[in-house]
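Peer 1: Submitted below is the structure of interest, expressed as structure tokens.
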Amino acid sequence: MDGRECNLEVIALGTVGASEPEQFLTLQEIVAAARANLPPGPWSYLVGGAETETTVRRNRQALDSIAFRPRVLRDVSRIDCGAPFLGRHLRLPVVLAPIGGLESFVEGAAATAARAAAQFGVPQMLSSVCQPGLEETAAAADTVRCFQLYVRGDDAWIDDHVRRARDHGYTSFCLTVDVAMYSRRERDLVGRFVKPWRATAPAGSRFQSGLSWDQVKRFKDKHDLPLIIKGIATVEDAEIAVQHGVEVVYVSNHGGRQLDHGLGSASVLPGIVAAVAGRAEVWVDGGFMRGTDVVKAIALGAKTVGLGRLPCLGLAAAGAAGLVRTLEILEDEIRTCLGLLGVTSFNELTPQHVTAAAPANEPGVFSAFPLLG
């Protein structure tokens, strides 16, 4: 399966009701329910990427090219899945990555996701183009909040967003830097699907296109919120980010939605971790769908894994309760994986727990879910 065709009407999956999230036993059932609930436009937006979608497939291929090296006869009767997050200790080493079109998947959009994040206990990174906005999303739930900005104005406009984010309890600030141009997402074009925020995006897009390291330096000189640079894909740019004093180098290719024919995030992660050398935290996203994926990233040196499509699937399957259930299943997968590797926490993971291997499956957006025929 390559993600282009996805027949989800398979035995044992079609019996789970989207209104009863507690009945979901697997992430595969979450995906099936989301597919049943979403119309063609939002579904294509969710699963699609740029042009040939090569980067989408390489994200998955990179993860599938990593195998585990388990150690046995360790006492794993007690396992802690928690991990640090910018000075806090959270339930899982994951963050809800910024999604610009959550309103396409669930009523309430980012506010609904915030309630789920608070209930389960993971951070939410809010996209500046996601409804209902930073103030309303902050008011919806008391959770760890990060704010991600698409630049649509001048320096004063950026400063205003920093002030508003700080005033509403956002503890870090993110600039996404891999969107100098908005990509050609052919599923959306063929289906004539336009996300609501895209109707007004061109008015300020020249500011995003003009974003440079000068603005990063200015931010660090003027503001004391931790700064996350999202969209780093090379060792060279990771080194420049560290030289500018950023707190987080966020390895990402926008889920394969921006530059086509890029490398998979997991394949560039080890080199970037080595280059950063502990001078900043390294986060990563891109194709992460299973608990084993999260464990692989942490073993390779990432501190936090961003989840993009997976939370959207949970929200589309059954709203906030569906996202909470998605995270519960992911946590169970992580706990099982850690125990079978012979470790009791993420602190015990090292690169020695993983090795290179040939992928066993044809990569695709849902190749992590083999029961979806």
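Identifiers in the structure tokens: chain A, B, ... in order shown; residue index from 1 per chain; ligand index from 1 in order shown.
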Counting only C-alpha atoms, what is within 8 Å of Arg187 (chain A), bar same-chain residues fewer than 5 positions away, as a PyMOL selection string?
Peer 2: chain A and resi 44-45+48-49
Peer 1: Using only C-alpha atoms, which residues sit within 8 Å of region 19-28 of chain A once same-chain residues fewer than 2 positions away are excluded, as a ChimeraX atom specification?
Peer 2: /A:13,16-17,30-32,317-318,321-322,325-326,329-330,369,371-372
Peer 1: Could you turn the residues from that selection into a file that holds N, CA, C and O atoms, as a compact mmCIF listing (two decimals), in the first residue's frame?
Peer 2:
# COMPACT_ATOMS: atom_id res chain seq x y z
N LEU A 13 -12.29 -3.98 11.48
CA LEU A 13 -12.14 -2.55 11.67
C LEU A 13 -13.46 -1.82 11.52
O LEU A 13 -13.73 -0.85 12.21
N VAL A 16 -16.13 -0.91 14.66
CA VAL A 16 -15.91 0.01 15.76
C VAL A 16 -16.64 1.31 15.51
O VAL A 16 -16.46 1.95 14.48
N GLY A 17 -17.47 1.73 16.46
CA GLY A 17 -18.24 2.95 16.30
C GLY A 17 -17.43 4.19 16.63
O GLY A 17 -16.76 4.24 17.65
N ILE A 30 -8.62 3.52 14.78
CA ILE A 30 -8.75 4.98 14.77
C ILE A 30 -8.70 5.50 13.33
O ILE A 30 -9.51 6.34 12.92
N VAL A 31 -7.74 5.00 12.55
CA VAL A 31 -7.61 5.44 11.16
C VAL A 31 -8.87 5.10 10.38
O VAL A 31 -9.38 5.91 9.60
N ALA A 32 -9.39 3.88 10.56
CA ALA A 32 -10.58 3.46 9.84
C ALA A 32 -11.78 4.35 10.16
O ALA A 32 -12.55 4.73 9.27
N ALA A 317 -11.82 10.79 14.20
CA ALA A 317 -12.49 9.55 14.58
C ALA A 317 -13.56 9.78 15.64
O ALA A 317 -14.67 9.24 15.54
N ALA A 318 -13.26 10.61 16.65
CA ALA A 318 -14.22 10.76 17.74
C ALA A 318 -13.95 12.01 18.58
O ALA A 318 -14.10 11.98 19.80
N ALA A 321 -12.33 13.03 22.69
CA ALA A 321 -12.21 11.69 23.28
C ALA A 321 -11.44 10.75 22.35
O ALA A 321 -10.69 9.88 22.81
N GLY A 322 -11.60 10.94 21.05
CA GLY A 322 -10.85 10.12 20.11
C GLY A 322 -9.37 10.40 20.15
O GLY A 322 -8.55 9.48 20.03
N ARG A 325 -7.99 8.84 23.32
CA ARG A 325 -7.85 7.39 23.15
C ARG A 325 -6.65 7.06 22.25
O ARG A 325 -5.93 6.09 22.49
N THR A 326 -6.42 7.87 21.22
CA THR A 326 -5.25 7.68 20.36
C THR A 326 -3.96 7.76 21.17
O THR A 326 -3.07 6.91 21.02
N ILE A 329 -3.51 4.64 23.42
CA ILE A 329 -3.01 3.48 22.68
C ILE A 329 -1.53 3.66 22.34
O ILE A 329 -0.73 2.72 22.46
N LEU A 330 -1.17 4.88 21.93
CA LEU A 330 0.24 5.15 21.64
C LEU A 330 1.10 4.91 22.88
O LEU A 330 2.19 4.32 22.78
N PHE A 369 0.23 0.65 9.23
CA PHE A 369 -1.01 -0.01 9.62
C PHE A 369 -1.35 -1.12 8.61
O PHE A 369 -2.17 -0.91 7.71
N LEU A 371 -3.12 -3.75 8.56
CA LEU A 371 -4.47 -4.32 8.43
C LEU A 371 -5.38 -3.47 7.56
O LEU A 371 -6.49 -3.90 7.22
N LEU A 372 -4.93 -2.25 7.22
CA LEU A 372 -5.73 -1.41 6.35
C LEU A 372 -5.43 -1.81 4.90
O LEU A 372 -4.49 -1.34 4.30
Peer 1: What lies within 10 Å of Cys312 (chain A) using only C-alpha atoms, ignoring chain neighbours under 5 positions off, as an MDAnalysis selection string?
Peer 2: chainID A and resid 31 34 46 96 99 101:106 109 113 307 317 319 322:323 326
Peer 1: Distance CA of Ala138 (chain A)-CA of Ala111 (chain A), one decimal place?
Peer 2: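 Answer for the CA of Ala138 (chain A) to CA of Ala111 (chain A) separation: 7.7 Å.
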Peer 1: How many Å separate CA of His254 (chain A) from CA of Ile232 (chain A)?
Peer 2: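 Atom-to-atom, CA of His254 (chain A) to CA of Ile232 (chain A), that is 9.9 Å.
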Peer 1: For Gly82 (chain A), which residue out of A:Thr304, A:Thr112, A:Asn59, A:Ser128 is the nearest one, using only C-alpha atoms?
Peer 2: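 Selected residue with least distance to Gly82 (chain A): A:Thr304.
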Peer 1: Tell me, which residues of region 250-362 of chain A carry DSSP strand (DSSP E), written as a compact mmCIF listing (two decimals) with all heavy atoms, in the first residue's frame?
Peer 2:
# COMPACT_ATOMS: atom_id res chain seq x y z
N TYR A 250 14.22 21.89 15.54
CA TYR A 250 13.10 21.00 15.25
C TYR A 250 13.30 20.45 13.83
O TYR A 250 13.10 21.15 12.85
CB TYR A 250 11.80 21.79 15.37
CG TYR A 250 10.50 21.00 15.40
CD1 TYR A 250 9.40 21.48 16.11
CD2 TYR A 250 10.35 19.80 14.70
CE1 TYR A 250 8.20 20.79 16.13
CE2 TYR A 250 9.16 19.10 14.72
CZ TYR A 250 8.08 19.60 15.44
OH TYR A 250 6.89 18.91 15.45
N VAL A 251 13.68 19.18 13.76
CA VAL A 251 13.92 18.52 12.48
C VAL A 251 12.58 18.17 11.86
O VAL A 251 11.77 17.44 12.45
CB VAL A 251 14.76 17.25 12.68
CG1 VAL A 251 14.99 16.54 11.34
CG2 VAL A 251 16.09 17.58 13.35
N GLU A 281 18.02 21.46 22.43
CA GLU A 281 17.23 20.25 22.28
C GLU A 281 16.96 20.00 20.80
O GLU A 281 16.87 20.94 20.00
CB GLU A 281 15.89 20.37 23.03
CG GLU A 281 16.03 20.36 24.53
CD GLU A 281 14.70 20.18 25.23
OE1 GLU A 281 13.69 19.89 24.54
OE2 GLU A 281 14.67 20.33 26.47
N VAL A 282 16.83 18.74 20.43
CA VAL A 282 16.46 18.37 19.08
C VAL A 282 15.12 17.66 19.12
O VAL A 282 14.95 16.68 19.85
CB VAL A 282 17.52 17.45 18.43
CG1 VAL A 282 17.07 17.03 17.03
CG2 VAL A 282 18.87 18.15 18.35
N TRP A 283 14.14 18.21 18.38
CA TRP A 283 12.84 17.57 18.21
C TRP A 283 12.73 17.10 16.77
O TRP A 283 13.50 17.50 15.91
CB TRP A 283 11.71 18.55 18.51
CG TRP A 283 11.67 19.10 19.90
CD1 TRP A 283 12.54 18.86 20.93
CD2 TRP A 283 10.73 20.05 20.41
NE1 TRP A 283 12.20 19.57 22.05
CE2 TRP A 283 11.08 20.31 21.75
CE3 TRP A 283 9.63 20.69 19.88
CZ2 TRP A 283 10.36 21.18 22.56
CZ3 TRP A 283 8.90 21.57 20.66
CH2 TRP A 283 9.26 21.81 22.00
N VAL A 284 11.76 16.25 16.52
CA VAL A 284 11.61 15.71 15.16
C VAL A 284 10.16 15.38 14.89
O VAL A 284 9.41 15.01 15.80
CB VAL A 284 12.50 14.46 14.97
CG1 VAL A 284 12.05 13.31 15.87
CG2 VAL A 284 12.54 14.01 13.51
N THR A 304 11.99 15.13 21.83
CA THR A 304 10.54 15.18 21.69
C THR A 304 10.19 14.84 20.25
O THR A 304 10.90 15.21 19.32
CB THR A 304 10.00 16.58 22.05
OG1 THR A 304 10.37 16.89 23.40
CG2 THR A 304 8.49 16.65 21.92
N VAL A 305 9.04 14.16 20.09
CA VAL A 305 8.55 13.80 18.76
C VAL A 305 7.24 14.55 18.51
O VAL A 305 6.32 14.52 19.33
CB VAL A 305 8.30 12.28 18.66
CG1 VAL A 305 7.61 11.92 17.34
CG2 VAL A 305 9.62 11.53 18.80
N GLY A 306 7.17 15.23 17.38
CA GLY A 306 5.95 15.91 16.98
C GLY A 306 5.01 14.96 16.26
O GLY A 306 5.43 14.21 15.37
N LEU A 307 3.75 14.99 16.66
CA LEU A 307 2.71 14.17 16.03
C LEU A 307 1.80 15.08 15.23
O LEU A 307 1.21 16.01 15.78
CB LEU A 307 1.91 13.42 17.09
CG LEU A 307 2.70 12.51 18.04
CD1 LEU A 307 1.77 11.90 19.09
CD2 LEU A 307 3.44 11.41 17.27
N VAL A 354 19.28 0.47 18.50
CA VAL A 354 18.76 0.45 17.14
C VAL A 354 19.89 0.17 16.16
O VAL A 354 21.07 0.35 16.47
CB VAL A 354 18.08 1.80 16.77
CG1 VAL A 354 16.82 2.01 17.60
CG2 VAL A 354 19.04 2.96 16.95
N THR A 355 19.51 -0.27 14.98
CA THR A 355 20.47 -0.54 13.92
C THR A 355 19.79 -0.37 12.57
O THR A 355 18.56 -0.36 12.50
CB THR A 355 21.05 -1.96 14.05
OG1 THR A 355 22.14 -2.13 13.13
CG2 THR A 355 19.99 -3.03 13.77
N ALA A 356 20.58 -0.22 11.52
CA ALA A 356 20.02 -0.08 10.18
C ALA A 356 19.51 -1.42 9.68
O ALA A 356 20.08 -2.48 9.99
CB ALA A 356 21.07 0.47 9.23
Peer 1: Measuring between only C-alpha atoms, which one of A:Val268, A:Leu315, A:Ile298, A:Val76 shows the shortest distance to Ala110 (chain A)?
Peer 2: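 Smallest distance to Ala110 (chain A) is found for A:Leu315.
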Peer 1: Write out as JSON lines the residues of region 99-194 of chain A that have any atom within 9 Å of an atom of region 203-217 of chain A, one row each with the nearest atom pair and its distance in Å to one decimal, counting only C-alpha atoms, sorted by chain and then rising number.
Peer 2:
{"residue": "A:Tyr150", "atom": "CA", "partner": "A:Gln208", "partner_atom": "CA", "distance": 6.7}
{"residue": "A:Val151", "atom": "CA", "partner": "A:Gln208", "partner_atom": "CA", "distance": 4.9}
{"residue": "A:Arg152", "atom": "CA", "partner": "A:Gly204", "partner_atom": "CA", "distance": 4.3}
{"residue": "A:Gly153", "atom": "CA", "partner": "A:Phe207", "partner_atom": "CA", "distance": 5.8}
{"residue": "A:Asp154", "atom": "CA", "partner": "A:Phe207", "partner_atom": "CA", "distance": 7.0}
{"residue": "A:Asp155", "atom": "CA", "partner": "A:Gln215", "partner_atom": "CA", "distance": 8.1}
{"residue": "A:Leu175", "atom": "CA", "partner": "A:Val216", "partner_atom": "CA", "distance": 8.5}
{"residue": "A:Val177", "atom": "CA", "partner": "A:Leu211", "partner_atom": "CA", "distance": 7.7}
{"residue": "A:Val179", "atom": "CA", "partner": "A:Gln208", "partner_atom": "CA", "distance": 7.1}
{"residue": "A:Ala180", "atom": "CA", "partner": "A:Ser209", "partner_atom": "CA", "distance": 4.2}
{"residue": "A:Met181", "atom": "CA", "partner": "A:Ser209", "partner_atom": "CA", "distance": 6.4}
{"residue": "A:Tyr182", "atom": "CA", "partner": "A:Ser205", "partner_atom": "CA", "distance": 8.7}
Peer 1: Atoms to include: all heavy atoms. Write the selected residues as a short mmCIF file (atom, residue, chain, number, x, y, z; two decimals), in the first residue's frame.
Peer 2:
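Generated output (part.cif):
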data_model
loop_
_atom_site.label_atom_id
_atom_site.label_comp_id
_atom_site.auth_asym_id
_atom_site.auth_seq_id
_atom_site.Cartn_x
_atom_site.Cartn_y
_atom_site.Cartn_z
N TYR A 150 3.39 31.56 11.55
CA TYR A 150 3.66 31.84 10.15
C TYR A 150 3.72 33.36 10.02
O TYR A 150 2.76 34.05 10.36
CB TYR A 150 2.58 31.27 9.24
CG TYR A 150 2.60 29.76 9.15
CD1 TYR A 150 1.57 29.00 9.70
CD2 TYR A 150 3.63 29.11 8.50
CE1 TYR A 150 1.57 27.62 9.61
CE2 TYR A 150 3.65 27.72 8.40
CZ TYR A 150 2.62 26.98 8.96
OH TYR A 150 2.64 25.62 8.88
N VAL A 151 4.83 33.88 9.53
CA VAL A 151 5.05 35.32 9.53
C VAL A 151 4.25 35.96 8.40
O VAL A 151 4.45 35.66 7.22
CB VAL A 151 6.55 35.65 9.38
CG1 VAL A 151 6.76 37.16 9.35
CG2 VAL A 151 7.33 35.02 10.53
N ARG A 152 3.34 36.84 8.78
CA ARG A 152 2.48 37.54 7.83
C ARG A 152 2.54 39.05 8.03
O ARG A 152 1.63 39.77 7.64
CB ARG A 152 1.02 37.06 7.97
CG ARG A 152 0.81 35.59 7.64
CD ARG A 152 0.97 35.34 6.15
NE ARG A 152 0.64 33.97 5.78
CZ ARG A 152 1.53 32.97 5.67
NH1 ARG A 152 2.81 33.22 5.94
NH2 ARG A 152 1.17 31.77 5.33
N GLY A 153 3.59 39.52 8.70
CA GLY A 153 3.71 40.95 8.94
C GLY A 153 5.13 41.33 9.30
O GLY A 153 6.04 40.48 9.30
N ASP A 154 5.33 42.57 9.65
CA ASP A 154 6.67 43.09 9.93
C ASP A 154 7.11 42.77 11.35
O ASP A 154 6.45 42.00 12.06
CB ASP A 154 6.71 44.60 9.66
CG ASP A 154 5.72 45.38 10.53
OD1 ASP A 154 5.16 44.82 11.50
OD2 ASP A 154 5.50 46.58 10.22
N ASP A 155 8.22 43.36 11.77
CA ASP A 155 8.77 43.06 13.09
C ASP A 155 7.78 43.40 14.20
O ASP A 155 7.64 42.67 15.19
CB ASP A 155 10.07 43.84 13.31
CG ASP A 155 11.21 43.31 12.46
OD1 ASP A 155 11.10 42.18 11.93
OD2 ASP A 155 12.23 44.03 12.31
N LEU A 175 9.14 29.44 15.17
CA LEU A 175 9.10 29.93 13.79
C LEU A 175 9.26 28.74 12.86
O LEU A 175 10.24 27.99 12.96
CB LEU A 175 10.24 30.93 13.54
CG LEU A 175 10.17 32.26 14.28
CD1 LEU A 175 11.44 33.07 14.02
CD2 LEU A 175 8.93 33.05 13.88
N VAL A 177 10.19 27.42 9.30
CA VAL A 177 11.09 28.05 8.34
C VAL A 177 11.19 27.29 7.01
O VAL A 177 12.04 27.63 6.18
CB VAL A 177 12.50 28.21 8.95
CG1 VAL A 177 12.44 29.16 10.14
CG2 VAL A 177 13.09 26.87 9.39
N VAL A 179 8.66 27.10 4.77
CA VAL A 179 7.50 27.50 3.98
C VAL A 179 7.73 28.84 3.29
O VAL A 179 6.83 29.67 3.20
CB VAL A 179 6.22 27.55 4.86
CG1 VAL A 179 5.73 26.17 5.20
CG2 VAL A 179 6.47 28.37 6.13
N ALA A 180 8.95 29.03 2.78
CA ALA A 180 9.22 30.25 2.03
C ALA A 180 8.31 30.36 0.81
O ALA A 180 7.95 31.45 0.37
CB ALA A 180 10.68 30.29 1.60
N MET A 181 7.95 29.21 0.26
CA MET A 181 6.95 29.11 -0.80
C MET A 181 5.91 28.09 -0.36
O MET A 181 6.26 27.09 0.26
CB MET A 181 7.59 28.64 -2.12
CG MET A 181 8.71 29.49 -2.62
SD MET A 181 8.09 31.07 -3.21
CE MET A 181 9.62 31.86 -3.73
N TYR A 182 4.66 28.33 -0.68
CA TYR A 182 3.63 27.32 -0.41
C TYR A 182 3.67 26.30 -1.54
O TYR A 182 3.64 26.63 -2.72
CB TYR A 182 2.24 27.95 -0.32
CG TYR A 182 1.19 26.98 0.20
CD1 TYR A 182 1.08 26.74 1.56
CD2 TYR A 182 0.33 26.33 -0.67
CE1 TYR A 182 0.12 25.85 2.05
CE2 TYR A 182 -0.63 25.44 -0.18
CZ TYR A 182 -0.73 25.21 1.18
OH TYR A 182 -1.66 24.33 1.65
#
